[in-house]
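File shown here: protein-v8.cif, holding mmCIF, C-alpha atoms.
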data_work
loop_
_atom_site.label_atom_id
_atom_site.label_comp_id
_atom_site.auth_asym_id
_atom_site.auth_seq_id
_atom_site.Cartn_x
_atom_site.Cartn_y
_atom_site.Cartn_z
CA MET R 445 -4.46 13.73 5.78
CA GLN R 446 -7.39 14.85 3.64
CA SER R 447 -5.24 17.30 1.66
CA GLN R 448 -2.63 14.58 0.98
CA ARG R 449 -5.40 12.26 -0.22
CA GLU R 450 -6.72 14.99 -2.53
CA TYR R 451 -3.19 15.63 -3.82
CA VAL R 452 -2.80 11.93 -4.69
CA LEU R 453 -6.12 11.79 -6.54
CA ARG R 454 -5.42 15.05 -8.40
CA THR R 455 -1.89 14.00 -9.38
CA VAL R 456 -3.05 10.64 -10.72
CA GLU R 457 -5.65 12.37 -12.86
CA GLU R 458 -3.41 15.21 -14.08
CA ARG R 459 -0.44 12.98 -14.95
CA GLY R 460 -2.52 10.25 -16.58
CA VAL R 461 -1.26 7.51 -14.27
CA ARG R 462 -2.39 4.15 -15.59
CA PHE R 463 -1.64 1.91 -12.59
CA ILE R 464 -0.97 2.45 -8.90
CA GLN R 465 1.13 -0.22 -7.22
CA LEU R 466 0.29 -0.94 -3.59
CA TRP R 467 3.57 -1.90 -1.90
CA PHE R 468 4.08 -3.76 1.39
CA THR R 469 6.50 -6.32 2.77
CA ASP R 470 5.94 -9.78 4.17
CA VAL R 471 7.11 -10.88 7.61
CA LEU R 472 10.57 -11.66 6.24
CA GLY R 473 10.93 -8.18 4.71
CA ILE R 474 10.52 -9.29 1.11
CA PRO R 475 8.73 -6.61 -0.96
CA LYS R 476 5.30 -7.53 -2.31
CA SER R 477 2.84 -5.53 -4.37
CA PHE R 478 -0.30 -5.57 -6.44
CA SER R 479 -1.66 -2.98 -8.83
CA ILE R 480 -4.94 -1.11 -8.97
CA THR R 481 -6.41 1.27 -11.53
CA PRO R 482 -7.10 4.96 -10.94
CA ALA R 483 -10.82 4.13 -10.75
CA GLU R 484 -10.14 1.96 -7.68
CA LEU R 485 -7.81 4.45 -5.99
CA GLU R 486 -10.42 6.57 -4.18
CA ASN R 487 -12.02 3.50 -2.58
CA ALA R 488 -8.58 2.14 -1.70
CA LEU R 489 -7.63 5.39 0.07
CA GLU R 490 -10.91 5.40 2.01
CA GLY R 491 -11.19 1.78 3.09
CA GLY R 492 -8.25 -0.18 1.73
CA MET R 493 -8.07 -3.09 -0.68
CA THR R 494 -8.80 -6.65 0.41
CA PHE R 495 -6.45 -9.42 -0.66
CA ASP R 496 -5.74 -13.03 0.23
CA GLY R 497 -3.19 -12.95 3.04
CA SER R 498 -2.67 -16.71 3.02
CA SER R 499 -0.78 -16.37 -0.27
CA ILE R 500 1.91 -14.24 1.47
CA ASP R 501 4.51 -16.08 3.59
CA GLY R 502 3.95 -15.56 7.30
CA PHE R 503 0.73 -13.55 6.97
CA SER R 504 -2.34 -15.68 7.63
CA ARG R 505 -3.61 -19.21 7.68
CA VAL R 506 -6.19 -20.15 5.07
CA GLN R 507 -9.01 -19.96 7.66
CA GLU R 508 -8.33 -16.25 8.32
CA SER R 509 -6.91 -15.38 4.95
CA ASP R 510 -8.37 -12.01 4.00
CA VAL R 511 -6.48 -8.90 5.08
CA LEU R 512 -6.70 -5.25 4.08
CA ALA R 513 -3.98 -3.16 2.42
CA LYS R 514 -4.53 0.48 3.46
CA PRO R 515 -2.50 2.91 1.33
CA ASP R 516 -0.57 5.64 3.15
CA PRO R 517 -1.02 8.76 0.96
CA LYS R 518 2.15 10.33 2.43
CA THR R 519 4.21 7.68 0.61
CA PHE R 520 2.73 8.30 -2.86
CA GLN R 521 5.29 8.68 -5.64
CA ILE R 522 5.30 8.53 -9.41
CA LEU R 523 7.86 5.92 -10.48
CA PRO R 524 10.62 6.88 -12.94
CA PHE R 525 9.50 4.38 -15.59
CA ARG R 526 6.49 4.08 -17.85
CA ILE R 527 4.51 1.15 -19.19
CA GLY R 528 3.10 0.60 -22.64
CA ARG R 529 4.42 1.25 -26.11
CA GLU R 530 7.06 3.87 -26.62
CA GLY R 531 4.72 6.47 -28.12
CA ASP R 532 1.83 5.64 -25.79
CA ALA R 533 3.65 5.04 -22.48
CA SER R 534 1.80 5.87 -19.28
CA PRO R 535 3.27 6.68 -15.86
CA VAL R 536 3.00 4.29 -12.92
CA ALA R 537 2.77 5.31 -9.27
CA ARG R 538 3.37 3.51 -6.01
CA VAL R 539 2.14 3.90 -2.45
CA PHE R 540 3.18 1.96 0.66
CA CYS R 541 0.44 0.21 2.60
CA ASP R 542 -0.34 -0.72 6.17
CA ILE R 543 -1.77 -4.22 6.47
CA THR R 544 -4.78 -4.48 8.77
CA ASN R 545 -7.35 -7.11 9.68
CA LEU R 546 -10.79 -6.76 8.09
CA ASP R 547 -12.12 -5.17 11.30
CA GLY R 548 -9.53 -2.37 10.95
CA SER R 549 -7.26 -3.49 13.77
CA PRO R 550 -3.53 -3.58 12.91
CA PHE R 551 -2.34 -6.90 11.57
CA GLU R 552 0.31 -8.26 13.95
CA GLY R 553 2.53 -9.43 11.09
CA CYS R 554 2.69 -6.07 9.30
CA PRO R 555 6.31 -4.83 9.52
CA ARG R 556 5.17 -1.18 9.57
CA HIS R 557 2.97 -1.93 12.59
CA VAL R 558 5.78 -3.85 14.29
CA LEU R 559 8.12 -0.87 13.81
CA ARG R 560 5.55 1.61 15.18
CA ARG R 561 4.86 -0.64 18.18
CA THR R 562 8.59 -1.04 18.88
CA LEU R 563 9.25 2.69 18.60
CA GLU R 564 6.36 3.43 20.95
CA ARG R 565 7.66 0.89 23.45
CA ALA R 566 11.14 2.47 23.26
CA ARG R 567 9.63 5.97 23.66
CA THR R 568 7.79 4.94 26.84
CA ARG R 569 11.12 3.72 28.24
CA GLY R 570 12.77 7.07 27.54
CA PHE R 571 14.59 6.29 24.29
CA SER R 572 14.50 8.41 21.14
CA PHE R 573 15.14 7.18 17.63
CA TYR R 574 16.87 9.34 15.04
CA ALA R 575 17.82 8.25 11.55
CA PRO R 576 19.63 10.23 8.85
CA ARG R 577 17.89 10.73 5.56
CA ARG R 578 20.75 9.08 3.65
CA SER R 579 22.85 6.72 5.67
CA SER R 580 24.68 5.32 2.64
CA THR R 581 26.89 8.43 2.34
CA SER R 582 28.25 8.23 5.86
CA THR R 583 28.52 4.45 5.66
CA SER R 584 30.55 4.60 2.45
CA ARG R 585 32.83 7.27 3.93
CA LEU R 586 33.49 5.06 6.95
CA ALA R 587 34.14 2.09 4.68
CA ASN R 588 36.60 4.14 2.59
CA ARG R 589 38.45 5.31 5.70
CA ALA R 590 38.66 1.76 7.03
CA SER R 591 39.86 0.53 3.66
CA ARG R 592 42.58 3.19 3.50
CA ARG R 593 43.69 2.37 7.04
CA SER R 594 43.93 -1.35 6.34
CA ARG R 595 45.88 -0.70 3.13
CA SER R 596 48.37 1.59 4.88
CA THR R 597 48.79 -0.94 7.69
CA ARG R 598 49.30 -3.71 5.15
CA ASP R 599 51.84 -1.60 3.23
CA ARG R 600 53.82 -0.88 6.39
CA THR R 601 53.78 -4.55 7.34
CA SER R 602 54.95 -5.73 3.95
CA SER R 603 57.67 -3.07 3.67
CA SER R 604 59.01 -3.95 7.11
CA GLN R 605 59.33 -7.56 6.04
CA TRP R 606 61.69 -6.52 3.25
CA ARG R 607 63.94 -4.56 5.61
CA THR R 608 64.97 -7.55 7.68
#

Show how you would write the structure in this file as structure tokens.
Amino acid sequence: MQSQREYVLRTVEERGVRFIQLWFTDVLGIPKSFSITPAELENALEGGMTFDGSSIDGFSRVQESDVLAKPDPKTFQILPFRIGREGDASPVARVFCDITNLDGSPFEGCPRHVLRRTLERARTRGFSFYAPRRSSTSTSRLANRASRRSRSTRDRTSSSQWRT
């Protein structure tokens, strides 16, 4: 984990990244984010960034509003767009975050925590979870096959109507 953290810090400095977006999702799965500067990145990787959780749907009530966004350095990526003027554009990076309570315990409404907890529960019951890297390819192939089948069935049906 330390080497990944060092890689992130080094890459941000070498590439001249101007902003790092901290990405997470709310309870409904809607993407949310906020940006930090490279000067704040080291502290964010060590202890996380505090934000007002009551402003995010389903996160916290106003009384217990502050939560912590802890960046996961394994998810760091430079985004394929730049910000600023055309001649002076700077790269932007993103990193996914785990949402925790201020005491460091996992926040119950964090979808990443819910997924980990569910996978662990399934693992203790003897199940394994496997996911392909790109499911869209196999899904689109199945959709194309189904589409071809339905067209050929439809063609046969319509041609048989003309024969009678």

Take the PyMOL selection byres ((chain R and resi 514) around 8), run it mentally on this structure, and tell me the resulting residues as a PyMOL selection string. chain R and resi 488-489+491-493+512-513+515-516+541-544

In Å, rounded to a single decimal, give me how far atom CA of Val471 of chain R is from atom CA of Arg538 of chain R.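 Atom CA of Arg538 of chain R sits 20.2 Å away from atom CA of Val471 of chain R.
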
Separation of atom CA of Asp547 of chain R from atom CA of Val511 of chain R, in Å and rounded to one decimal: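 Atom CA of Asp547 of chain R sits 9.2 Å away from atom CA of Val511 of chain R.
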
Residues within 10 Å of segment 479-482 of chain R, all atoms listed in the file, excluding chain neighbours under 2 positions, as a PyMOL selection string: chain R and resi 453+456-457+460-467+477+484-488+493+536-538

Have a look at atom CA of Ser499 of chain R and atom CA of Lys518 of chain R and let me know their distance in Å, one decimal.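 Computed distance, atom CA of Ser499 of chain R to atom CA of Lys518 of chain R, equals 27.0 Å.
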
Compile the contact shell of Pro555 of chain R as a PyMOL selection string: residues with an atom at most 8 Å away, counting all atoms listed in the file, same-chain residues fewer than 5 positions apart removed. chain R and resi 469-471+473

Okay, now the selection with C-alpha atoms, as a PDB file, in the frame of the given file?
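Below you can see out-v8.pdb, which holds the result:
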ATOM      1  CA  THR R 469       6.500  -6.320   2.770  1.00  0.00           C
ATOM      2  CA  ASP R 470       5.940  -9.780   4.170  1.00  0.00           C
ATOM      3  CA  VAL R 471       7.110 -10.880   7.610  1.00  0.00           C
ATOM      4  CA  GLY R 473      10.930  -8.180   4.710  1.00  0.00           C
TER       5      GLY R 473
END

Quick one: of R:Ser572, R:Ser447, R:Arg459, R:Arg565, who's nearest to Arg526 of chain R, counting all atoms listed in the file?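 Checking each candidate against Arg526 of chain R, we get R:Arg459 as the closest.
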
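Among the candidate residues R:Phe573, R:Arg567, R:Leu546, R:Cys554, the one lying nearest to Ile500 of chain R is R:Cys554, with distances computed using all atoms listed in the file.
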
Residue nearest Gly548 of chain R - candidates R:Thr494, R:Ser509, R:Pro524, R:Ser534, atoms counted: only C-alpha atoms: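 Among R:Thr494, R:Ser509, R:Pro524, R:Ser534, it is R:Thr494 that comes nearest to Gly548 of chain R.
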